[in-house]
Amino acid sequence: MTTIENQAKAASPKPSWRSGASKLAHTFGLQIGIFCVLLVIWGLFVIGAPRTFLSSNIYAAYMSTIPFFAVIALPLTMVVIAGEMDLSFPSIMGVGMVAFTNVLTLTNSMALAFIASLIAGFLVGLINGVIVVRLGIPSLVATLGTQFFWRGFVLVVTDAGGFSLVPVKETVLRQALVGRVGGYMPAQTIWAVVVAILVWVFLNRHKFGAHVYLVGDNVESARLMGVNVDRTRMINFAILGTAAAFGGVLSSLQQSYFWVSLGDGYLLKTMASVFLGGTSVFGGVGTVFGTLIGCLIIGTIEAGIVAIGKIEIFGLVIKLSGFWTQLIYGLIIVISVSLQNLLSRRLSR
Amino acid sequence: MDYILEMRNITKTFGEVQALRQVDFAVARGEVVGLLGDNGAGKSTLIKIVTGYHHPDSDGGEIYFKGQKIEGLSVSEARKLGIETVYQERALADLQTLWRNIFMGRELTTTLGFINVKRMKEETEKLMVGSMGFTSSAVVPDSVVRTFSGGEKQGVAIVRALHFDAELIILDEPTMGLSLSETKKLLEFVGGIKEAGKSCIFIDHNVFHVYSVADRVVVLDRGAVAGEFMTRDITLEQLMDKMYRVAQTGHLNGSGSD
C-alpha cells in the first residue's frame, strides 16, 4: 500500500496556494454573503426612513415579533437540509395551543399546559414523519395534507372560538417566556437565541446533525454507509413540530389571546427566512447563522416598508403602503436571494 | 480452509425476479476473489447481501463470518464486523466536506451521540497526507468533495474503506472512470490488501483487471454460480473463452469448475 501512496503523491496536481482570508471566505461564503445582504437592506431602510431606523422603538418591536417565527425557522432549516419540506407547521402552532388551553382549563397549571403543548407538537410532527417514512409519501405532499387536517382539527375542537389568556398575564411562566427582562428586553428574544444555540449544537456537533446533512445531500450514499435514514427523518419532523408548538405558545402568550387562526401568515415568512439564509431547496446545504440573518432580513423588510411609507423616484411619488407592500416585499426577497446566491458563490470559488 | 466469509445456498428475489439462485460463495483469509459476470448476473446483489444492505429471502440461505452465523445483518453492523465496501456509485455526498465523507455513518462520537469534529478533521488530515496522497495545501479536510476528480473521489472511497480496520474489503467496479495510471495504482492497492493479510472481493467487468490480481475467480450468470477457477490453474485466454461461452449459453460445458 505504501508504493501506491508514493505514486499517488507523485501523480497529484498541485493547485494554487490560498491566503488565510481567502480560506475563510471559501468556508463561510454563504454566511458572509447573507450578512452583506442584511447590511445592504438595513442601509437602504436607514436612508429611506432615518427617523424610524435610527430610533430604538423599531428594534424593540423586532425583538418582540421576530422570535415567534425564528424559533420555527431554525428547526425548519434542519428539515430542509435533510431534503424534506414541512408546510404544516402553522397548523401545528394551533394544535399546540389547543393542548395548552385545554390542559390549562383542566388543571389550572401553566407548567402542565406548556408541557402538554410541546408534547402535542412533538406527536403531530412525529405523525408527519411516520407518513413520510412509512407510507413513502413525499414530505411536500404529505405536509400539504396534514396542514389542512390539523387546521380543521383546531377549528372543530375550539368550535372556531378563541381563548383569552388575559387571566394568566401575571404568571411566572408567562413572564419567563414573553415578559420584559430588565424591564426592556422581550424574553422571547433570549429564547430565540437559546433555540439557535441548541439547533447549532445539534446540527454541527451531534451525530444526528451529521446525518441530516448526509441524508439531504445523497440519501442512497447515506443508506449504503449505514446511516439510519428513517430515524433521522422522523426525529427531524418531530423536532420541528415541537418548535412550532413552542412558537405558537410564545405568540399567543404575548398577545394574551389564542386566535384559532394562529399560524396564519407564518408559512411564507418562515420559509422565506430559511431560503434567504442560503439553505438549498435541494438539501445538503444550510446554516443556523444564515437562517437567523434571514429572519432578521424578513423582519426588517416587513416593518421597513410600512415605516418608509413612500418613496420618490424622479418626481414620481409611490406610496408603499397598501397594495404596494406585497409587491415591494416580493421584489426585495427576490433581490436578496439573488444577491445572497451571487455573493456566496463568488466567495466559495 | 480458513474462511472469513461463507455464504451457503443464498437466494434473493425482487418481486418476480430471482436475482440470486442458491449461490454458494466463500472467501478465505488473505484471499482475493474476483467476481465476474455480465450485467444482471447478480454480482452487486450478492455484495449488497454481504454488506447488510439487502437480506436473503427467508429460507434463502445462511451467512457465516469468521465462523459465526450471522442473522439479520444491517449495514452499520457489517461495518462493525469489519466488512467495508467501495461501491460502484462511490457512495459519497458531493456537497459535503472531505471529513464528513470519510466518517459517513461512522462518526467519532464522545457521549450521548455528540461528535468530535476536531478529531475527525485531524484523522482526515493524517489520511490525506498518508494514504490519499493529497499534498497540495488547497485540499483540506474542509474541502468539498464535489471539486475532486474521479480518481481523487475513488481515493476517498478506498481510504474510507481501509481506515476502519476492515478485514474484508469489497470493491465493486472500482476502476470505472479511472485513468490508466489510476487503474494501475488501484490494482497495486489490491495487492497491498493481500499483503496486509486482509481479504478482498473484487468485482469488475474487465477480465484483465480481475485476472491480474485475483487468486480465485467466481463467475456468476443469471443469478447462479456458473464456474470457479484458481487463476494459477488457468490462462487469461482460457478464462475469457469460458466467460464468453457462459454469456452465450449459460453453461461452461462441464470444463474446469471447482
# chains A, B, ... in the order shown; residues from 1 in each chain; ligands from 1

call {"tool": "select_by_dssp", "arguments": {"residues": "segment 53-209 of chain B", "states": "alpha helix (DSSP H)", "output": "PyMOL selection string"}}
result
chain B and resi 75-81+98-102+117-127+150-163+180-195+207-209

call {"tool": "residues_around", "arguments": {"residues": "Met104 of chain B", "least_positions_apart": "4", "cutoff": "8 Å", "atoms": "only C-alpha atoms", "output": "list in words"}}
result
His211, Leu214, Ala222, Met225 and Val227 of chain A; Arg100 of chain B

call {"tool": "write_last_selection", "arguments": {"atoms": "N, CA and C atoms", "output": "mmCIF file, in the first residue's frame"}}
result
data_model
loop_
_atom_site.group_PDB
_atom_site.id
_atom_site.type_symbol
_atom_site.label_atom_id
_atom_site.label_comp_id
_atom_site.auth_asym_id
_atom_site.auth_seq_id
_atom_site.Cartn_x
_atom_site.Cartn_y
_atom_site.Cartn_z
ATOM 1 N N HIS A 211 -25.876 13.341 10.183
ATOM 2 C CA HIS A 211 -26.722 12.506 9.328
ATOM 3 C C HIS A 211 -27.728 13.333 8.553
ATOM 4 N N LEU A 214 -26.017 14.460 5.501
ATOM 5 C CA LEU A 214 -25.746 13.360 4.574
ATOM 6 C C LEU A 214 -27.016 12.895 3.872
ATOM 7 N N ALA A 222 -25.904 7.696 1.935
ATOM 8 C CA ALA A 222 -26.085 7.600 3.384
ATOM 9 C C ALA A 222 -26.540 6.200 3.770
ATOM 10 N N MET A 225 -23.896 3.570 3.554
ATOM 11 C CA MET A 225 -22.890 3.685 4.600
ATOM 12 C C MET A 225 -23.476 3.453 5.983
ATOM 13 N N VAL A 227 -26.242 4.813 7.523
ATOM 14 C CA VAL A 227 -26.971 5.861 8.243
ATOM 15 C C VAL A 227 -28.441 5.452 8.345
ATOM 16 N N ARG B 100 -16.497 14.788 6.439
ATOM 17 C CA ARG B 100 -17.841 14.237 6.602
ATOM 18 C C ARG B 100 -18.017 12.974 5.765
#

call {"tool": "residues_around", "arguments": {"residues": "Thr109 of chain B", "least_positions_apart": "5", "cutoff": "10 Å", "atoms": "only C-alpha atoms", "output": "VMD selection string"}}
result
(chain A and resid 205 to 207) or (chain B and resid 114 to 117 119 to 120)

call {"tool": "residues_around", "arguments": {"residues": "Arg151 of chain A", "least_positions_apart": "4", "cutoff": "10 Å", "atoms": "only C-alpha atoms", "output": "PDB file with N, CA and C atoms, in the first residue's frame"}}
result
ATOM      1  N   SER A  88     -46.844  22.112   7.225  1.00  0.00           N
ATOM      2  CA  SER A  88     -47.925  22.008   8.216  1.00  0.00           C
ATOM      3  C   SER A  88     -47.640  22.731   9.514  1.00  0.00           C
ATOM      4  N   PRO A  90     -47.632  25.835  10.520  1.00  0.00           N
ATOM      5  CA  PRO A  90     -48.588  26.841  11.021  1.00  0.00           C
ATOM      6  C   PRO A  90     -49.769  26.173  11.734  1.00  0.00           C
ATOM      7  N   SER A  91     -50.227  25.048  11.189  1.00  0.00           N
ATOM      8  CA  SER A  91     -51.343  24.361  11.826  1.00  0.00           C
ATOM      9  C   SER A  91     -50.910  23.730  13.141  1.00  0.00           C
ATOM     10  N   ILE A  92     -49.653  23.260  13.202  1.00  0.00           N
ATOM     11  CA  ILE A  92     -49.161  22.658  14.442  1.00  0.00           C
ATOM     12  C   ILE A  92     -49.118  23.701  15.556  1.00  0.00           C
ATOM     13  N   MET A  93     -48.856  24.953  15.185  1.00  0.00           N
ATOM     14  CA  MET A  93     -48.897  26.022  16.186  1.00  0.00           C
ATOM     15  C   MET A  93     -50.266  26.041  16.855  1.00  0.00           C
ATOM     16  N   GLY A  94     -51.322  25.909  16.046  1.00  0.00           N
ATOM     17  CA  GLY A  94     -52.684  25.908  16.576  1.00  0.00           C
ATOM     18  C   GLY A  94     -52.944  24.692  17.445  1.00  0.00           C
ATOM     19  N   VAL A  95     -52.474  23.528  16.988  1.00  0.00           N
ATOM     20  CA  VAL A  95     -52.691  22.298  17.754  1.00  0.00           C
ATOM     21  C   VAL A  95     -52.032  22.409  19.126  1.00  0.00           C
ATOM     22  N   THR A 146     -51.491  17.345   5.794  1.00  0.00           N
ATOM     23  CA  THR A 146     -51.627  17.464   7.246  1.00  0.00           C
ATOM     24  C   THR A 146     -51.863  18.917   7.654  1.00  0.00           C
ATOM     25  N   GLN A 147     -51.380  19.850   6.840  1.00  0.00           N
ATOM     26  CA  GLN A 147     -51.626  21.260   7.135  1.00  0.00           C
ATOM     27  C   GLN A 147     -53.128  21.516   7.232  1.00  0.00           C
ATOM     28  N   LEU A 155     -60.088  24.010  14.337  1.00  0.00           N
ATOM     29  CA  LEU A 155     -61.376  24.700  14.202  1.00  0.00           C
ATOM     30  C   LEU A 155     -62.503  23.889  14.836  1.00  0.00           C
ATOM     31  N   VAL A 156     -62.483  22.580  14.582  1.00  0.00           N
ATOM     32  CA  VAL A 156     -63.548  21.728  15.115  1.00  0.00           C
ATOM     33  C   VAL A 156     -63.507  21.708  16.641  1.00  0.00           C
ATOM     34  N   VAL A 260     -57.844  31.230  16.805  1.00  0.00           N
ATOM     35  CA  VAL A 260     -57.836  29.945  16.100  1.00  0.00           C
ATOM     36  C   VAL A 260     -57.104  30.041  14.758  1.00  0.00           C
ATOM     37  N   SER A 261     -56.888  31.271  14.317  1.00  0.00           N
ATOM     38  CA  SER A 261     -56.165  31.438  13.064  1.00  0.00           C
ATOM     39  C   SER A 261     -54.656  31.494  13.301  1.00  0.00           C
ATOM     40  N   LEU A 262     -54.228  31.131  14.509  1.00  0.00           N
ATOM     41  CA  LEU A 262     -52.807  31.172  14.847  1.00  0.00           C
ATOM     42  C   LEU A 262     -51.976  30.429  13.809  1.00  0.00           C
ATOM     43  N   GLY A 263     -50.954  31.096  13.310  1.00  0.00           N
ATOM     44  CA  GLY A 263     -50.125  30.472  12.292  1.00  0.00           C
ATOM     45  C   GLY A 263     -50.318  31.113  10.940  1.00  0.00           C
TER      46      GLY A 263
END

call {"tool": "select_by_dssp", "arguments": {"residues": "segment 141-216 of chain B", "states": "strand (DSSP E)", "output": "ChimeraX atom specification"}}
result
/B:168-172,199-203,216

call {"tool": "residues_around", "arguments": {"residues": "Ile158 of chain B", "least_positions_apart": "3", "cutoff": "9 Å", "atoms": "only C-alpha atoms", "output": "ChimeraX atom specification"}}
result
/B:85-86,90,132,153-155,161-163,171,174

call {"tool": "atom_distance", "arguments": {"atom1": "atom CA of Asp38 of chain B", "atom2": "atom CA of Asp241 of chain B"}}
result
13.9 Å

call {"tool": "atom_distance", "arguments": {"atom1": "atom CA of Asp172 of chain B", "atom2": "atom CA of Glu89 of chain B"}}
result
8.6 Å

call {"tool": "atom_distance", "arguments": {"atom1": "atom CA of Leu46 of chain B", "atom2": "atom CA of Phe25 of chain B"}}
result
9.1 Å

call {"tool": "closest_atom_pairs", "arguments": {"of": "chain B", "to": "chain A", "cutoff": "6 Å", "atoms": "only C-alpha atoms", "output": "JSON lines"}}
result
{"residue": "B:Val75", "atom": "CA", "partner": "A:Gly226", "partner_atom": "CA", "distance": 4.7}
{"residue": "B:Ser76", "atom": "CA", "partner": "A:Gly226", "partner_atom": "CA", "distance": 4.6}
{"residue": "B:Ala91", "atom": "CA", "partner": "A:Ser221", "partner_atom": "CA", "distance": 4.0}
{"residue": "B:Leu92", "atom": "CA", "partner": "A:Ser221", "partner_atom": "CA", "distance": 5.7}
{"residue": "B:Ala93", "atom": "CA", "partner": "A:Asn218", "partner_atom": "CA", "distance": 5.4}
{"residue": "B:Gly105", "atom": "CA", "partner": "A:Val227", "partner_atom": "CA", "distance": 5.0}
{"residue": "B:Gly113", "atom": "CA", "partner": "A:Lys207", "partner_atom": "CA", "distance": 5.5}
{"residue": "B:Phe114", "atom": "CA", "partner": "A:His206", "partner_atom": "CA", "distance": 4.1}
{"residue": "B:Ile115", "atom": "CA", "partner": "A:His206", "partner_atom": "CA", "distance": 5.1}
{"residue": "B:Ser131", "atom": "CA", "partner": "A:Glu5", "partner_atom": "CA", "distance": 5.5}
{"residue": "B:Gly133", "atom": "CA", "partner": "A:Lys9", "partner_atom": "CA", "distance": 4.3}
{"residue": "B:Ser136", "atom": "CA", "partner": "A:Lys14", "partner_atom": "CA", "distance": 5.1}
{"residue": "B:Lys185", "atom": "CA", "partner": "A:Ile4", "partner_atom": "CA", "distance": 5.6}
{"residue": "B:Phe189", "atom": "CA", "partner": "A:Met1", "partner_atom": "CA", "distance": 5.4}
{"residue": "B:Gly192", "atom": "CA", "partner": "A:Met1", "partner_atom": "CA", "distance": 4.7}

call {"tool": "closest_residue", "arguments": {"among": "B:Asp221, B:Glu16, B:Glu107, B:Glu188", "to": "Tyr244 of chain B", "atoms": "only C-alpha atoms"}}
result
B:Asp221

call {"tool": "closest_residue", "arguments": {"among": "A:Ala244, A:Ala49, A:Ala116, A:Val79", "to": "Ala303 of chain A", "atoms": "only C-alpha atoms"}}
result
A:Ala49

call {"tool": "residues_around", "arguments": {"residues": "segment 47-64 of chain B", "least_positions_apart": "6", "cutoff": "10 Å", "atoms": "only C-alpha atoms", "output": "VMD selection string"}}
result
(chain A and resid 223 to 226) or (chain B and resid 3 to 14 20 to 26 35 70 to 79 81 to 85 87 168 170 to 172 201 to 203)
